[in-house]
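Shown next: my_file_30.cif, given as mmCIF, C-alpha atoms (C1' of nucleotides).
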```
data_start
loop_
_atom_site.label_atom_id
_atom_site.label_comp_id
_atom_site.auth_asym_id
_atom_site.auth_seq_id
_atom_site.Cartn_x
_atom_site.Cartn_y
_atom_site.Cartn_z
CA MET V 6 78.06 108.35 345.59
CA VAL V 7 79.16 107.07 342.29
CA GLU V 8 81.68 109.32 340.75
CA ARG V 9 80.71 109.01 337.11
CA MET V 10 84.02 109.24 335.47
CA ASP V 11 84.96 109.53 331.87
CA ASP V 12 83.98 106.45 330.01
CA ASP V 13 87.11 106.78 327.94
CA SER V 14 89.33 106.94 330.97
CA LEU V 15 87.76 103.88 332.43
CA SER V 16 88.19 102.06 329.15
CA ALA V 17 91.84 103.04 329.07
CA ILE V 18 92.39 101.89 332.62
CA LEU V 19 90.72 98.55 332.11
CA LYS V 20 92.44 97.99 328.81
CA ALA V 21 95.82 98.86 330.26
CA ALA V 22 95.19 96.44 333.10
CA SER V 23 94.04 93.70 330.76
CA ASP V 24 97.53 92.80 329.62
CA PRO V 25 99.42 90.27 331.79
CA THR V 26 102.78 91.95 331.23
CA ARG V 27 101.38 95.29 332.30
CA ARG V 28 99.77 93.80 335.38
CA ALA V 29 103.11 92.23 336.22
CA ILE V 30 104.76 95.62 335.86
CA LEU V 31 102.22 97.15 338.20
CA THR V 32 102.74 94.39 340.74
CA LEU V 33 106.48 94.79 340.48
CA LEU V 34 106.23 98.51 341.05
CA ALA V 35 103.88 98.04 343.96
CA GLN V 36 106.39 95.69 345.53
CA GLN V 37 109.59 97.49 344.73
CA GLY V 38 108.59 101.08 344.61
CA PRO V 39 109.75 103.43 341.87
CA MET V 40 112.00 101.81 339.27
CA ARG V 41 113.76 102.83 336.13
CA VAL V 42 112.60 101.51 332.78
CA THR V 43 115.80 99.54 332.49
CA ASP V 44 115.28 97.94 335.89
CA ILE V 45 111.77 96.93 334.99
CA HIS V 46 113.02 95.55 331.70
CA SER V 47 115.54 93.33 333.49
CA GLN V 48 112.63 91.43 335.02
CA PHE V 49 111.07 90.53 331.70
CA ASP V 50 112.00 88.35 328.81
CA MET V 51 111.25 90.91 326.17
CA SER V 52 112.92 93.84 324.49
CA LEU V 53 113.47 97.04 326.41
CA ASN V 54 111.46 98.75 323.75
CA SER V 55 108.40 96.63 324.34
CA VAL V 56 108.62 97.27 328.05
CA SER V 57 108.90 100.96 327.32
CA LYS V 58 105.74 100.79 325.23
CA HIS V 59 103.87 98.94 327.95
CA ILE V 60 104.90 101.58 330.42
CA LYS V 61 103.63 104.24 328.09
CA VAL V 62 100.25 102.55 327.92
CA LEU V 63 100.13 102.39 331.71
CA GLU V 64 101.18 105.99 331.90
CA GLN V 65 98.51 107.18 329.50
CA ALA V 66 95.93 105.31 331.52
CA GLY V 67 97.25 107.08 334.59
CA LEU V 68 98.21 103.86 336.33
CA VAL V 69 101.84 104.87 336.64
CA LYS V 70 103.54 108.19 337.02
CA ARG V 71 106.88 109.13 335.54
CA ARG V 72 109.40 111.27 337.34
CA THR V 73 112.13 112.12 334.89
CA GLU V 74 115.17 112.71 337.00
CA TRP V 75 117.96 113.73 334.73
CA ARG V 76 118.39 111.00 332.25
CA GLU V 77 116.67 108.41 334.37
CA HIS V 78 112.92 107.93 334.19
CA MET V 79 111.58 106.75 337.50
CA ILE V 80 108.30 104.91 337.10
CA GLU V 81 105.96 104.73 340.03
CA VAL V 82 102.66 102.96 340.43
CA GLU V 83 99.68 105.24 340.91
CA MET V 84 96.93 103.61 342.91
CA GLY V 85 94.40 106.40 342.61
CA PRO V 86 92.90 105.74 339.19
CA MET V 87 92.61 102.06 339.96
CA SER V 88 89.80 102.82 342.33
CA HIS V 89 87.76 103.77 339.28
CA ILE V 90 87.69 100.10 338.40
CA ASP V 91 86.45 99.37 341.84
CA ALA V 92 83.87 102.13 341.62
CA TRP V 93 82.55 100.91 338.31
CA PHE V 94 82.22 97.41 339.60
CA ALA V 95 80.51 98.58 342.76
CA ALA V 96 78.08 100.68 340.72
CA LEU V 97 77.25 97.75 338.50
CA ARG V 98 76.71 95.48 341.44
CA SER V 99 74.49 98.01 343.12
CA ILE V 100 72.34 98.34 340.01
CA TRP V 101 72.10 94.59 339.89
CA GLU V 102 71.16 94.29 343.54
CA LEU V 103 68.56 97.00 343.24
CA ARG V 104 66.82 95.07 340.53
CA LEU V 105 66.89 91.88 342.54
CA GLU V 106 65.46 93.64 345.55
CA ALA V 107 62.68 95.14 343.48
CA LEU V 108 61.98 91.74 342.02
CA ASP V 109 61.89 90.19 345.44
CA ASP V 110 59.58 92.92 346.59
CA ILE V 111 57.13 92.17 343.82
CA LEU V 112 57.22 88.47 344.48
CA THR V 113 56.70 88.69 348.21
CA LYS V 114 54.10 91.39 348.59
CA ASP V 115 50.65 90.01 349.42
CA ASP V 116 48.95 91.68 346.56
CA PRO V 117 45.98 89.61 345.38
CA ASP V 118 46.10 91.53 342.13
CA ASN V 119 49.06 89.66 340.77
CA ASP V 120 48.59 87.05 338.07
CA MET I 300 98.33 85.95 350.57
CA VAL I 301 97.48 86.91 347.06
CA GLU I 302 94.98 84.56 345.56
CA ARG I 303 96.62 84.00 342.24
CA MET I 304 93.84 83.32 339.83
CA ASP I 305 94.25 82.36 336.25
CA ASP I 306 96.11 85.14 334.63
CA ASP I 307 94.40 84.44 331.35
CA SER I 308 90.94 84.56 332.88
CA LEU I 309 91.66 87.85 334.53
CA SER I 310 93.02 89.24 331.27
CA ALA I 311 89.89 88.13 329.47
CA ILE I 312 87.65 89.68 332.10
CA LEU I 313 89.46 93.00 332.10
CA LYS I 314 89.66 93.11 328.34
CA ALA I 315 85.99 92.31 327.97
CA ALA I 316 85.16 95.05 330.44
CA SER I 317 87.44 97.54 328.71
CA ASP I 318 85.03 98.20 325.86
CA PRO I 319 82.37 100.88 326.45
CA THR I 320 79.72 99.03 324.46
CA ARG I 321 80.29 95.90 326.46
CA ARG I 322 80.14 97.79 329.73
CA ALA I 323 76.88 99.34 328.58
CA ILE I 324 75.55 95.87 327.83
CA LEU I 325 76.50 94.72 331.30
CA THR I 326 74.83 97.73 332.87
CA LEU I 327 71.73 97.17 330.79
CA LEU I 328 71.55 93.55 331.84
CA ALA I 329 72.09 94.44 335.47
CA GLN I 330 69.20 96.88 335.23
CA GLN I 331 66.81 94.88 333.13
CA GLY I 332 67.62 91.33 333.99
CA PRO I 333 67.95 88.63 331.33
CA MET I 334 67.41 89.87 327.79
CA ARG I 335 67.48 88.41 324.32
CA VAL I 336 70.21 89.37 321.89
CA THR I 337 67.66 91.20 319.80
CA ASP I 338 66.40 93.19 322.79
CA ILE I 339 69.93 94.20 323.68
CA HIS I 340 70.56 95.14 320.07
CA SER I 341 67.56 97.47 320.06
CA GLN I 342 69.35 99.65 322.61
CA PHE I 343 72.40 100.20 320.46
CA ASP I 344 73.15 101.98 317.26
CA MET I 345 75.05 99.15 315.71
CA SER I 346 74.36 95.99 313.78
CA LEU I 347 72.84 93.01 315.51
CA ASN I 348 75.88 91.11 314.45
CA SER I 349 78.26 93.39 316.27
CA VAL I 350 76.15 93.18 319.40
CA SER I 351 76.17 89.42 319.08
CA LYS I 352 79.95 89.48 318.85
CA HIS I 353 80.25 91.67 321.92
CA ILE I 354 78.01 89.29 323.82
CA LYS I 355 80.22 86.43 322.77
CA VAL I 356 83.26 88.20 324.17
CA LEU I 357 81.45 88.81 327.44
CA GLU I 358 80.33 85.21 327.49
CA GLN I 359 83.82 83.86 326.96
CA ALA I 360 85.07 86.04 329.76
CA GLY I 361 82.31 84.59 331.94
CA LEU I 362 80.69 87.96 332.53
CA VAL I 363 77.39 86.88 331.08
CA LYS I 364 75.65 83.56 330.93
CA ARG I 365 73.51 82.33 328.08
CA ARG I 366 70.34 80.31 328.57
CA THR I 367 69.30 79.10 325.16
CA GLU I 368 65.59 78.64 325.44
CA TRP I 369 64.36 77.24 322.19
CA ARG I 370 65.36 79.69 319.58
CA GLU I 371 65.76 82.56 321.98
CA HIS I 372 69.05 83.15 323.72
CA MET I 373 68.53 84.75 327.07
CA ILE I 374 71.59 86.64 328.18
CA GLU I 375 72.12 87.25 331.85
CA VAL I 376 74.82 89.18 333.64
CA GLU I 377 77.05 87.08 335.85
CA MET I 378 78.45 89.03 338.76
CA GLY I 379 80.69 86.31 340.12
CA PRO I 380 83.75 86.62 337.89
CA MET I 381 83.72 90.36 338.25
CA SER I 382 84.91 89.98 341.78
CA HIS I 383 88.18 88.76 340.31
CA ILE I 384 88.80 92.30 339.15
CA ASP I 385 88.11 93.49 342.62
CA ALA I 386 90.34 90.81 344.10
CA TRP I 387 93.22 91.65 341.82
CA PHE I 388 92.95 95.30 342.66
CA ALA I 389 92.76 94.59 346.37
CA ALA I 390 95.81 92.34 346.13
CA LEU I 391 97.78 95.01 344.31
CA ARG I 392 96.81 97.62 346.83
CA SER I 393 97.76 95.36 349.68
CA ILE I 394 101.20 94.73 348.16
CA TRP I 395 101.59 98.44 347.74
CA GLU I 396 100.53 99.20 351.30
CA LEU I 397 102.82 96.57 352.71
CA ARG I 398 105.77 98.20 351.05
CA LEU I 399 104.77 101.62 352.31
CA GLU I 400 104.39 100.31 355.82
CA ALA I 401 107.78 98.68 355.69
CA LEU I 402 109.24 101.89 354.36
CA ASP I 403 107.59 103.87 357.09
CA ASP I 404 108.93 101.40 359.59
CA ILE I 405 112.47 101.93 358.38
CA LEU I 406 112.14 105.69 358.41
CA THR I 407 110.64 106.00 361.86
CA LYS I 408 112.68 103.55 363.86
CA ASP I 409 115.26 105.32 366.03
CA ASP I 410 118.16 103.60 364.42
CA PRO I 411 121.25 105.80 364.64
CA ASP I 412 122.75 103.78 361.82
CA ASN I 413 120.80 105.55 359.15
CA ASP I 414 122.60 108.26 357.32
"C1'" DC Y 35 135.15 115.58 321.82
"C1'" DA Y 36 133.88 110.68 321.84
"C1'" DT Y 37 131.66 107.23 324.42
"C1'" DT Y 38 128.51 105.14 327.08
"C1'" DC Y 39 124.07 104.95 329.27
"C1'" DG Y 40 118.96 105.36 329.53
"C1'" DT Y 41 115.26 106.01 326.94
"C1'" DT Y 42 112.28 106.96 323.12
"C1'" DC Y 43 111.10 107.24 318.10
"C1'" DA Y 44 110.31 105.14 313.64
"C1'" DA Y 45 109.40 101.48 310.83
"C1'" DC Y 46 107.87 96.94 310.22
"C1'" DC Y 47 105.26 92.56 310.98
"C1'" DA Y 48 101.65 89.38 312.51
"C1'" DT Y 49 97.60 89.08 314.75
"C1'" DA Y 50 93.49 90.77 317.20
"C1'" DT Y 51 89.64 93.83 317.38
"C1'" DG Y 52 85.45 96.24 316.24
"C1'" DG Y 53 82.67 97.32 312.74
"C1'" DG Y 54 79.90 96.08 308.53
"C1'" DT Y 55 77.04 92.86 305.03
"C1'" DG Y 56 75.07 88.72 303.43
"C1'" DA Y 57 74.24 83.85 303.88
"C1'" DA Y 58 73.11 79.94 306.83
"C1'" DT Y 59 70.82 77.59 310.57
"C1'" DA Y 60 67.05 76.59 313.54
"C1'" DA Y 61 62.55 76.93 315.33
"C1'" DC Y 62 58.14 78.75 315.36
"C1'" DC Y 63 53.57 80.03 312.70
"C1'" DT Y 64 50.56 79.71 309.30
"C1'" DA Z 25 56.07 73.57 302.61
"C1'" DG Z 26 56.81 78.50 302.97
"C1'" DG Z 27 57.59 82.53 305.59
"C1'" DT Z 28 58.99 84.90 309.67
"C1'" DT Z 29 61.96 85.36 313.67
"C1'" DA Z 30 66.30 84.85 316.35
"C1'" DT Z 31 70.80 84.12 316.12
"C1'" DT Z 32 75.24 82.87 314.40
"C1'" DC Z 33 78.76 82.04 310.74
"C1'" DA Z 34 81.76 83.47 307.14
"C1'" DC Z 35 83.99 87.17 305.01
"C1'" DC Z 36 85.75 91.74 304.39
"C1'" DC Z 37 87.81 96.06 305.98
"C1'" DA Z 38 90.27 99.50 308.77
"C1'" DT Z 39 92.64 100.16 312.74
"C1'" DA Z 40 94.89 98.85 317.11
"C1'" DT Z 41 98.05 95.93 319.56
"C1'" DG Z 42 102.21 93.61 321.00
"C1'" DG Z 43 106.28 92.35 319.52
"C1'" DT Z 44 110.77 93.11 316.96
"C1'" DT Z 45 115.12 95.81 315.31
"C1'" DG Z 46 117.78 99.85 314.43
"C1'" DA Z 47 118.41 104.73 314.68
"C1'" DA Z 48 118.21 108.94 317.38
"C1'" DC Z 49 118.44 111.86 321.30
"C1'" DG Z 50 119.97 113.80 325.72
"C1'" DA Z 51 122.94 113.68 329.47
"C1'" DA Z 52 126.85 112.10 332.21
"C1'" DT Z 53 131.74 110.87 331.96
"C1'" DG Z 54 136.42 109.81 330.43
#
```

Can you give me the file's structure in the form of structure tokens?
Amino acid sequence: MVERMDDDSLSAILKAASDPTRRAILTLLAQQGPMRVTDIHSQFDMSLNSVSKHIKVLEQAGLVKRRTEWREHMIEVEMGPMSHIDAWFAALRSIWELRLEALDDILTKDDPDND
Amino acid sequence: MVERMDDDSLSAILKAASDPTRRAILTLLAQQGPMRVTDIHSQFDMSLNSVSKHIKVLEQAGLVKRRTEWREHMIEVEMGPMSHIDAWFAALRSIWELRLEALDDILTKDDPDND
DNA sequence: CATTCGTTCAACCATATGGGTGAATAACCT
DNA sequence: AGGTTATTCACCCATATGGTTGAACGAATG
């Protein structure tokens, strides 16, 4: 069944994922596993600070998790919340298909009353 | 292999979907089928103009299609591009799972060399 | 203690976004 | 032609966003 999640959370997730840099960070983390902010930064042509901010956005959306080990912040991708995107899309598609089926039903039933 | 679609298109799609009003519009259209801008507007507590702007964002992201019939603009949800979201998510998950499998492989092989 | 390292915080800037209002355009209906 | 209807365009405004630089902080290390 459709887990009706917080609209705000979903917005945050989608918005966080809508930035190419942030998607690249997620991909990088999925490939490499947990990385430090500095390591992530080394893969991008932008200030460490900007990368840090992107990570914060991802973190607040729940798409990454931070394990602060001593002075190093290990950032790890979190796949769980991403399924909310999937769920929303699936729900939308199911609503859409339901309507089409109903429409088809109306059009194909041999009811002489139509028109 | 990861089907690398236009990064910009995907960004546009995710960004368009990241707004609650726009998601509501998509849901409405999926439920009701094609609607006019005015009809959509009647469901929201906001100016017609704002609704029109939201529709334009959805349109540019390819999430809705516009059939301009005479003076009426019929707006219809377009499910196709939404699968890009799905595809991106699936690709990310697959990258993630591949890494975990490889990791598991390393950890479980009876290699006496590990320390 | 001073330094270096890893990271964030604070301030700043340009641009985008979401909202509003009012005018303009375009087509239909007398 | 004049009025109504449907929609967008052009502005305006407040706030958010993505980027920058420089300072600050906390912890390891010489």

Quiz item: Taking into account all atoms listed in the file, which residue in the set I:Glu358, I:Glu377, I:Asp318, I:Asp338 is nearest to Trp101 (chain V)?
Solution: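 Among the listed residues, the smallest separation from Trp101 (chain V) belongs to I:Glu377.
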
Quiz item: Evaluating the PyMOL selection byres ((chain I) within 10 of (chain Y)) on the displayed file yields which residues, as a list in words?
Solution: Asp318, Met345, Ser346, Asn348, Ser349, Lys352, His353, Trp369, Arg370 and Glu371 of chain I

Quiz item: Between CA of Ala311 (chain I) and CA of Ser88 (chain V), what is the distance, to one decimal in Å?
Solution: 19.5 Å

Exercise. Name every residue that the PyMOL selection byres ((chain V) within 12 of (chain I)) selects in this structure, writing the answer as a PyMOL selection string with chains first and numbers rising.
Key: chain V and resi 11-39+66+68+81-108

Residues of chain Z within 12 Å of chain I, counting all atoms listed in the file, what are they? List them as a tab-separated table (two decimals) with C-alpha atoms (C1' of nucleotides), keeping the file's coordinate frame.
```
chain	number	residue	atom	x	y	z
Z	29	DT	C1'	61.96	85.36	313.67
Z	30	DA	C1'	66.30	84.85	316.35
Z	31	DT	C1'	70.80	84.12	316.12
Z	32	DT	C1'	75.24	82.87	314.40
Z	33	DC	C1'	78.76	82.04	310.74
```

Quiz item: Which value, in Å to one decimal, gives the distance between CA of Ile45 (chain V) and CA of Ile80 (chain V)?
Solution: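 Interatomic distance here is 9.0 Å.
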
Quiz item: If you measure from CA of His46 (chain V) to CA of Lys61 (chain V), what distance in Å do you get, rounded to one decimal?
Solution: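 Interatomic distance here is 13.3 Å.
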